[in-house]
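Coordinates as given in entry_12.pdb (PDB, C-alpha atoms, pLDDT in the B column):
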ATOM      1  CA  MET A   1      12.351-131.593  39.455  1.00 90.00           C
ATOM      2  CA  THR A   2      13.004-133.571  36.283  1.00 94.00           C
ATOM      3  CA  LYS A   3      12.485-131.481  33.147  1.00 97.00           C
ATOM      4  CA  VAL A   4      11.030-133.386  30.197  1.00 97.00           C
ATOM      5  CA  LEU A   5      10.671-132.315  26.583  1.00 97.00           C
ATOM      6  CA  LEU A   6       7.866-134.315  24.980  1.00 98.00           C
ATOM      7  CA  ILE A   7       8.133-134.204  21.193  1.00 97.00           C
ATOM      8  CA  GLY A   8       4.775-134.926  19.578  1.00 94.00           C
ATOM      9  CA  ALA A   9       2.755-134.273  22.718  1.00 95.00           C
ATOM     10  CA  THR A  10      -0.540-133.870  20.869  1.00 93.00           C
ATOM     11  CA  GLY A  11      -0.340-137.246  19.102  1.00 88.00           C
ATOM     12  CA  MET A  12      -2.039-140.368  20.375  1.00 81.00           C
ATOM     13  CA  ALA A  13       0.930-141.697  22.351  1.00 85.00           C
ATOM     14  CA  GLY A  14       2.074-138.191  23.250  1.00 91.00           C
ATOM     15  CA  GLN A  15      -1.215-137.319  24.938  1.00 92.00           C
ATOM     16  CA  GLU A  16      -1.026-140.385  27.171  1.00 90.00           C
ATOM     17  CA  ILE A  17       2.627-139.756  27.989  1.00 93.00           C
ATOM     18  CA  TYR A  18       1.894-136.104  28.807  1.00 96.00           C
ATOM     19  CA  GLN A  19      -0.872-137.069  31.229  1.00 94.00           C
ATOM     20  CA  ALA A  20       1.237-139.747  32.940  1.00 94.00           C
ATOM     21  CA  ALA A  21       4.321-137.530  33.206  1.00 95.00           C
ATOM     22  CA  THR A  22       2.472-134.547  34.650  1.00 95.00           C
ATOM     23  CA  LYS A  23       0.609-136.825  37.069  1.00 94.00           C
ATOM     24  CA  ALA A  24       4.009-138.139  38.199  1.00 95.00           C
ATOM     25  CA  GLY A  25       5.074-134.567  38.982  1.00 95.00           C
ATOM     26  CA  LEU A  26       7.510-134.102  36.120  1.00 96.00           C
ATOM     27  CA  ALA A  27       7.965-130.662  34.545  1.00 97.00           C
ATOM     28  CA  VAL A  28       6.790-131.373  30.995  1.00 98.00           C
ATOM     29  CA  THR A  29       7.210-129.085  28.005  1.00 98.00           C
ATOM     30  CA  ALA A  30       5.038-130.072  25.059  1.00 98.00           C
ATOM     31  CA  GLN A  31       6.934-129.662  21.791  1.00 97.00           C
ATOM     32  CA  VAL A  32       4.290-129.390  19.093  1.00 95.00           C
ATOM     33  CA  ARG A  33       3.649-128.038  15.638  1.00 92.00           C
ATOM     34  CA  HIS A  34       0.453-126.261  16.728  1.00 94.00           C
ATOM     35  CA  ALA A  35       0.349-124.636  20.181  1.00 96.00           C
ATOM     36  CA  ASN A  36      -3.410-124.080  20.054  1.00 96.00           C
ATOM     37  CA  LYS A  37      -4.024-127.820  19.767  1.00 96.00           C
ATOM     38  CA  ALA A  38      -1.862-128.437  22.844  1.00 97.00           C
ATOM     39  CA  ARG A  39      -3.787-125.829  24.837  1.00 97.00           C
ATOM     40  CA  GLU A  40      -7.099-127.366  23.752  1.00 97.00           C
ATOM     41  CA  LEU A  41      -5.951-130.810  24.877  1.00 96.00           C
ATOM     42  CA  PHE A  42      -4.046-129.961  28.049  1.00 97.00           C
ATOM     43  CA  GLY A  43      -5.403-126.579  29.153  1.00 95.00           C
ATOM     44  CA  THR A  44      -3.952-123.108  29.157  1.00 93.00           C
ATOM     45  CA  GLY A  45      -1.352-123.978  31.808  1.00 93.00           C
ATOM     46  CA  VAL A  46       0.606-126.266  29.491  1.00 97.00           C
ATOM     47  CA  THR A  47       4.185-125.241  28.755  1.00 97.00           C
ATOM     48  CA  VAL A  48       4.537-125.290  24.976  1.00 97.00           C
ATOM     49  CA  LEU A  49       7.481-125.174  22.608  1.00 97.00           C
ATOM     50  CA  GLU A  50       6.001-124.589  19.156  1.00 96.00           C
ATOM     51  CA  GLN A  51       8.539-125.435  16.490  1.00 95.00           C
ATOM     52  CA  ASP A  52       9.613-128.122  14.073  1.00 95.00           C
ATOM     53  CA  ALA A  53      11.390-130.831  16.078  1.00 96.00           C
ATOM     54  CA  LEU A  54      14.033-131.081  13.356  1.00 95.00           C
ATOM     55  CA  THR A  55      15.124-127.524  14.170  1.00 96.00           C
ATOM     56  CA  LEU A  56      15.695-128.043  17.911  1.00 97.00           C
ATOM     57  CA  SER A  57      19.159-126.764  18.767  1.00 96.00           C
ATOM     58  CA  LYS A  58      21.699-128.205  21.174  1.00 96.00           C
ATOM     59  CA  ASP A  59      21.156-125.166  23.419  1.00 96.00           C
ATOM     60  CA  GLU A  60      17.378-125.662  23.441  1.00 96.00           C
ATOM     61  CA  LEU A  61      17.723-129.367  24.220  1.00 96.00           C
ATOM     62  CA  ALA A  62      20.210-128.624  27.022  1.00 95.00           C
ATOM     63  CA  ASN A  63      17.303-127.255  29.091  1.00 95.00           C
ATOM     64  CA  PHE A  64      15.887-130.768  29.582  1.00 97.00           C
ATOM     65  CA  ASP A  65      16.935-133.834  31.558  1.00 96.00           C
ATOM     66  CA  VAL A  66      14.871-136.184  29.406  1.00 95.00           C
ATOM     67  CA  VAL A  67      13.685-135.946  25.804  1.00 96.00           C
ATOM     68  CA  VAL A  68      10.780-138.197  24.834  1.00 96.00           C
ATOM     69  CA  ASN A  69      10.356-138.588  21.096  1.00 95.00           C
ATOM     70  CA  ALA A  70       6.717-139.497  20.364  1.00 92.00           C
ATOM     71  CA  PHE A  71       6.914-137.849  16.945  1.00 91.00           C
ATOM     72  CA  SER A  72       4.425-138.883  14.300  1.00 83.00           C
ATOM     73  CA  THR A  73       4.143-138.068  10.630  1.00 78.00           C
ATOM     74  CA  SER A  74       2.463-139.216   7.459  1.00 73.00           C
ATOM     75  CA  PRO A  75       3.684-142.373   5.690  1.00 68.00           C
ATOM     76  CA  ALA A  76       4.916-140.196   2.816  1.00 75.00           C
ATOM     77  CA  GLU A  77       7.307-138.450   5.239  1.00 80.00           C
ATOM     78  CA  ALA A  78       8.239-141.504   7.315  1.00 78.00           C
ATOM     79  CA  ASP A  79      11.955-140.870   6.732  1.00 84.00           C
ATOM     80  CA  ASN A  80      11.589-137.953   9.161  1.00 88.00           C
ATOM     81  CA  HIS A  81      11.562-140.514  12.005  1.00 86.00           C
ATOM     82  CA  GLN A  82      15.145-141.437  11.152  1.00 87.00           C
ATOM     83  CA  LYS A  83      16.144-137.814  10.543  1.00 92.00           C
ATOM     84  CA  LEU A  84      14.763-136.765  13.920  1.00 93.00           C
ATOM     85  CA  ALA A  85      16.439-139.656  15.739  1.00 91.00           C
ATOM     86  CA  GLU A  86      19.801-138.722  14.239  1.00 92.00           C
ATOM     87  CA  HIS A  87      19.183-135.020  14.925  1.00 94.00           C
ATOM     88  CA  LEU A  88      18.494-135.704  18.603  1.00 95.00           C
ATOM     89  CA  VAL A  89      21.298-138.223  19.128  1.00 92.00           C
ATOM     90  CA  HIS A  90      23.856-135.753  17.793  1.00 92.00           C
ATOM     91  CA  ARG A  91      22.598-132.829  19.893  1.00 94.00           C
ATOM     92  CA  LEU A  92      21.921-134.357  23.300  1.00 92.00           C
ATOM     93  CA  GLY A  93      24.521-134.228  26.038  1.00 84.00           C
ATOM     94  CA  GLY A  94      25.947-137.221  27.872  1.00 85.00           C
ATOM     95  CA  ASP A  95      23.779-136.791  30.965  1.00 90.00           C
ATOM     96  CA  GLN A  96      20.514-136.506  29.064  1.00 92.00           C
ATOM     97  CA  ARG A  97      18.143-139.370  28.362  1.00 93.00           C
ATOM     98  CA  LEU A  98      16.393-139.962  25.045  1.00 92.00           C
ATOM     99  CA  LEU A  99      13.299-142.150  24.927  1.00 89.00           C
ATOM    100  CA  VAL A 100      11.812-143.014  21.548  1.00 87.00           C
ATOM    101  CA  ILE A 101       8.198-144.132  21.318  1.00 84.00           C
ATOM    102  CA  LEU A 102       7.154-145.948  18.151  1.00 71.00           C
ATOM    103  CA  GLY A 103       3.681-147.007  17.121  1.00 61.00           C
ATOM    104  CA  ALA A 104       2.764-150.626  16.453  1.00 50.00           C
ATOM    105  CA  GLY A 105       3.033-150.114  12.693  1.00 46.00           C
ATOM    106  CA  SER A 106       6.712-149.288  13.109  1.00 50.00           C
ATOM    107  CA  LEU A 107       7.476-152.689  14.561  1.00 60.00           C
ATOM    108  CA  LEU A 108       7.127-154.576  11.272  1.00 64.00           C
ATOM    109  CA  ASP A 109       9.674-154.684   8.468  1.00 69.00           C
ATOM    110  CA  GLY A 110      10.408-156.384   5.176  1.00 74.00           C
ATOM    111  CA  ALA A 111       8.180-157.726   2.437  1.00 81.00           C
ATOM    112  CA  ASP A 112       6.984-160.415   4.859  1.00 82.00           C
ATOM    113  CA  ASP A 113       6.123-157.867   7.597  1.00 73.00           C
ATOM    114  CA  HIS A 114       8.253-159.676  10.168  1.00 74.00           C
ATOM    115  CA  LEU A 115       8.855-158.235  13.620  1.00 72.00           C
ATOM    116  CA  VAL A 116      11.792-155.840  13.866  1.00 66.00           C
ATOM    117  CA  VAL A 117      12.647-157.327  17.251  1.00 66.00           C
ATOM    118  CA  ASP A 118      13.528-160.570  15.419  1.00 73.00           C
ATOM    119  CA  ASP A 119      16.104-158.635  13.373  1.00 71.00           C
ATOM    120  CA  ILE A 120      17.529-157.075  16.527  1.00 66.00           C
ATOM    121  CA  LYS A 121      17.948-160.489  18.157  1.00 70.00           C
ATOM    122  CA  LYS A 122      19.923-161.692  15.115  1.00 74.00           C
ATOM    123  CA  ALA A 123      22.059-158.545  14.730  1.00 68.00           C
ATOM    124  CA  PRO A 124      25.744-159.546  14.718  1.00 66.00           C
ATOM    125  CA  GLY A 125      27.271-156.166  15.470  1.00 61.00           C
ATOM    126  CA  PRO A 126      26.945-153.330  17.950  1.00 56.00           C
ATOM    127  CA  THR A 127      24.376-151.365  15.954  1.00 53.00           C
ATOM    128  CA  LEU A 128      20.617-151.193  15.900  1.00 52.00           C
ATOM    129  CA  GLY A 129      18.774-150.886  12.604  1.00 54.00           C
ATOM    130  CA  SER A 130      15.610-148.909  12.158  1.00 52.00           C
ATOM    131  CA  PRO A 131      12.640-149.946  10.063  1.00 49.00           C
ATOM    132  CA  SER A 132      11.436-147.711   7.295  1.00 48.00           C
ATOM    133  CA  PRO A 133       8.509-147.773   4.890  1.00 48.00           C
ATOM    134  CA  ARG A 134       8.247-150.478   2.259  1.00 39.00           C
ATOM    135  CA  GLY A 135      10.667-152.778   4.065  1.00 36.00           C
ATOM    136  CA  LYS A 136      13.889-150.891   3.346  1.00 40.00           C
ATOM    137  CA  LYS A 137      16.386-150.566   6.140  1.00 44.00           C
ATOM    138  CA  GLY A 138      17.126-147.092   7.408  1.00 46.00           C
ATOM    139  CA  ALA A 139      20.483-145.757   8.506  1.00 46.00           C
ATOM    140  CA  ARG A 140      22.092-147.230  11.569  1.00 49.00           C
ATOM    141  CA  LEU A 141      22.685-145.391  14.802  1.00 49.00           C
ATOM    142  CA  PRO A 142      25.881-146.185  16.713  1.00 50.00           C
ATOM    143  CA  ALA A 143      25.155-148.399  19.718  1.00 48.00           C
ATOM    144  CA  ASP A 144      27.521-146.396  21.921  1.00 52.00           C
ATOM    145  CA  ARG A 145      24.929-143.582  21.849  1.00 49.00           C
ATOM    146  CA  ILE A 146      22.214-145.937  23.143  1.00 47.00           C
ATOM    147  CA  ARG A 147      22.103-146.586  26.877  1.00 48.00           C
ATOM    148  CA  ASP A 148      20.038-148.693  29.258  1.00 45.00           C
TER
END

Show how you would write the structure in this file as structure tokens.
Amino acid sequence: MTKVLLIGATGMAGQEIYQAATKAGLAVTAQVRHANKARELFGTGVTVLEQDALTLSKDELANFDVVVNAFSTSPAEADNHQKLAEHLVHRLGGDQRLLVILGAGSLLDGADDHLVVDDIKKAPGPTLGSPSPRGKKGARLPADRIRD
């Protein structure tokens, strides 16, 4: 059975992903900041990993075939999206999959609020940029760590 770690399981996207994944028969562990909230939402049978996602170790992540990042935070701490992406990319093994779920607000960038996908289409090199608050570009992740 495929083992999935769902980061941000109690958020809006995370709740939907949790329901769909468990319905599909996947073994889902809900990584959350507050275990009680997860139990209220999903019942007492939910498997919970209560800890800050930025502290997940390579050994802890090795227990999962797939990591779904549906992390959410306040606009004041939006740089944690980039920090978590880098944290996960550097700790996951070659056979593991990483899926990153972003909300609609994350898809706009720049002073003109243009679509990030337009930037990706124009990108000359083998890297993908990430949007950040107030239109500033975040760090770049190496494309060789991103797979189909």

Can you work out the spacing between atom CA of A:Val48 and atom CA of A:Asp65 in Å, to one decimal? 16.4 Å

Starting from the shown file, work through the PyMOL selection byres ((chain A and resi 18) around 9) and note down what comes out as a PyMOL selection string. chain A and resi 6+9-10+13-17+19-23+28-30+42

From the options A:Ala70, A:Asp119, A:Val46, A:Ala53, which residue's atoms come nearest to A:Leu88, counting all atoms listed in the file?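 Checking each candidate against A:Leu88, we get A:Ala53 as the closest.
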
Extract, using all atoms listed in the file, all DNA, RNA and protein residues at most 10 Å from A:Leu56, discarding same-chain residues fewer than 5 positions from it, and format them as a compact mmCIF listing (two decimals) with C-alpha atoms, in the coordinates of the input.
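Saved to selection21.txt:
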# COMPACT_ATOMS: atom_id res chain seq x y z
CA GLN A 31 6.93 -129.66 21.79
CA LEU A 49 7.48 -125.17 22.61
CA GLN A 51 8.54 -125.44 16.49
CA LEU A 61 17.72 -129.37 24.22
CA LEU A 84 14.76 -136.76 13.92
CA HIS A 87 19.18 -135.02 14.92
CA LEU A 88 18.49 -135.70 18.60
CA ARG A 91 22.60 -132.83 19.89

Expanded to explicit residues, what is the PyMOL selection byres ((chain A and resi 32-34) around 6) for this file, as a PyMOL selection string? chain A and resi 8+31+35-37+50-51

Å distance separating atom CA of A:Val100 from atom CA of A:Asn69, one decimal place: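 Computing the Euclidean distance for atom CA of A:Val100 and atom CA of A:Asn69 yields 4.7 Å.
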
Which centre and which edge lengths, in Å to one decimal, describe the axis-aligned box that holds all listed atoms of stretch 5-16 of chain A after 8 Å is added on each side, as AutoDock Vina command-line options?
--center_x 4.3 --center_y -137.0 --center_z 23.1 --size_x 28.7 --size_y 25.4 --size_z 24.1

Quick one: residues within 10 Å of A:Met1, all atoms listed in the file counted, chain neighbours fewer than 5 positions away excluded, as JSON, numbers by chain? {"A": [25, 26, 27, 65]}

What is the atom CA of A:Val66-atom CA of A:Gln96 distance in Å, reported with one decimal?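 Distance between the two atoms: 5.7 Å.
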
Counting all atoms listed in the file, which residue out of A:Val67, A:Gln82, A:Ser74, A:Ala111 sits closest to A:Asp95?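 Ranking A:Val67, A:Gln82, A:Ser74, A:Ala111 by distance to A:Asp95, first place goes to A:Val67.
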
From A:Phe64, A:Glu40, A:Gly93, A:Asp112, residue lying nearest A:Thr2 [only C-alpha atoms]: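 With only C-alpha atoms as the atom set, the closest residue is A:Phe64.
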
My list of candidates is A:Lys58, A:Val89, A:Ala38, A:Leu99. Which is closest to A:Phe71 when distances are computed with all atoms listed in the file?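 Closest candidate: A:Leu99.
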
Complete stretch 36-56 of chain A with N, CA and C atoms (output as an mmCIF file, in the coordinates of the input).
data_model
loop_
_atom_site.group_PDB
_atom_site.id
_atom_site.type_symbol
_atom_site.label_atom_id
_atom_site.label_comp_id
_atom_site.auth_asym_id
_atom_site.auth_seq_id
_atom_site.Cartn_x
_atom_site.Cartn_y
_atom_site.Cartn_z
ATOM 1 N N ASN A 36 -1.986 -124.133 19.712
ATOM 2 C CA ASN A 36 -3.410 -124.080 20.054
ATOM 3 C C ASN A 36 -3.975 -125.466 20.324
ATOM 4 N N LYS A 37 -3.549 -126.449 19.554
ATOM 5 C CA LYS A 37 -4.024 -127.820 19.767
ATOM 6 C C LYS A 37 -3.584 -128.324 21.138
ATOM 7 N N ALA A 38 -2.359 -128.021 21.532
ATOM 8 C CA ALA A 38 -1.862 -128.437 22.844
ATOM 9 C C ALA A 38 -2.677 -127.794 23.956
ATOM 10 N N ARG A 39 -2.994 -126.519 23.811
ATOM 11 C CA ARG A 39 -3.787 -125.829 24.837
ATOM 12 C C ARG A 39 -5.207 -126.377 24.912
ATOM 13 N N GLU A 40 -5.762 -126.754 23.760
ATOM 14 C CA GLU A 40 -7.099 -127.366 23.752
ATOM 15 C C GLU A 40 -7.087 -128.710 24.473
ATOM 16 N N LEU A 41 -6.039 -129.481 24.278
ATOM 17 C CA LEU A 41 -5.951 -130.810 24.877
ATOM 18 C C LEU A 41 -5.570 -130.785 26.349
ATOM 19 N N PHE A 42 -4.629 -129.919 26.714
ATOM 20 C CA PHE A 42 -4.046 -129.961 28.049
ATOM 21 C C PHE A 42 -4.391 -128.766 28.929
ATOM 22 N N GLY A 43 -5.064 -127.772 28.381
ATOM 23 C CA GLY A 43 -5.403 -126.579 29.153
ATOM 24 C C GLY A 43 -4.410 -125.457 28.925
ATOM 25 N N THR A 44 -4.774 -124.297 29.406
ATOM 26 C CA THR A 44 -3.952 -123.108 29.157
ATOM 27 C C THR A 44 -2.666 -123.090 29.974
ATOM 28 N N GLY A 45 -2.554 -123.946 30.981
ATOM 29 C CA GLY A 45 -1.352 -123.978 31.808
ATOM 30 C C GLY A 45 -0.210 -124.805 31.240
ATOM 31 N N VAL A 46 -0.424 -125.427 30.092
ATOM 32 C CA VAL A 46 0.606 -126.266 29.491
ATOM 33 C C VAL A 46 1.787 -125.412 29.027
ATOM 34 N N THR A 47 2.988 -125.895 29.275
ATOM 35 C CA THR A 47 4.185 -125.241 28.755
ATOM 36 C C THR A 47 4.423 -125.789 27.355
ATOM 37 N N VAL A 48 4.472 -124.885 26.380
ATOM 38 C CA VAL A 48 4.537 -125.290 24.976
ATOM 39 C C VAL A 48 5.797 -124.750 24.312
ATOM 40 N N LEU A 49 6.403 -125.588 23.499
ATOM 41 C CA LEU A 49 7.481 -125.174 22.608
ATOM 42 C C LEU A 49 6.981 -125.478 21.204
ATOM 43 N N GLU A 50 6.576 -124.424 20.489
ATOM 44 C CA GLU A 50 6.001 -124.589 19.156
ATOM 45 C C GLU A 50 7.091 -124.391 18.114
ATOM 46 N N GLN A 51 7.557 -125.495 17.566
ATOM 47 C CA GLN A 51 8.539 -125.435 16.490
ATOM 48 C C GLN A 51 8.717 -126.823 15.896
ATOM 49 N N ASP A 52 9.303 -126.866 14.744
ATOM 50 C CA ASP A 52 9.613 -128.122 14.073
ATOM 51 C C ASP A 52 10.686 -128.841 14.893
ATOM 52 N N ALA A 53 10.437 -130.081 15.260
ATOM 53 C CA ALA A 53 11.390 -130.831 16.078
ATOM 54 C C ALA A 53 12.750 -130.964 15.404
ATOM 55 N N LEU A 54 12.770 -130.959 14.087
ATOM 56 C CA LEU A 54 14.033 -131.081 13.356
ATOM 57 C C LEU A 54 14.887 -129.822 13.437
ATOM 58 N N THR A 55 14.348 -128.757 14.018
ATOM 59 C CA THR A 55 15.124 -127.524 14.170
ATOM 60 C C THR A 55 15.566 -127.286 15.612
ATOM 61 N N LEU A 56 15.282 -128.217 16.518
ATOM 62 C CA LEU A 56 15.695 -128.043 17.911
ATOM 63 C C LEU A 56 17.219 -127.974 17.990
#
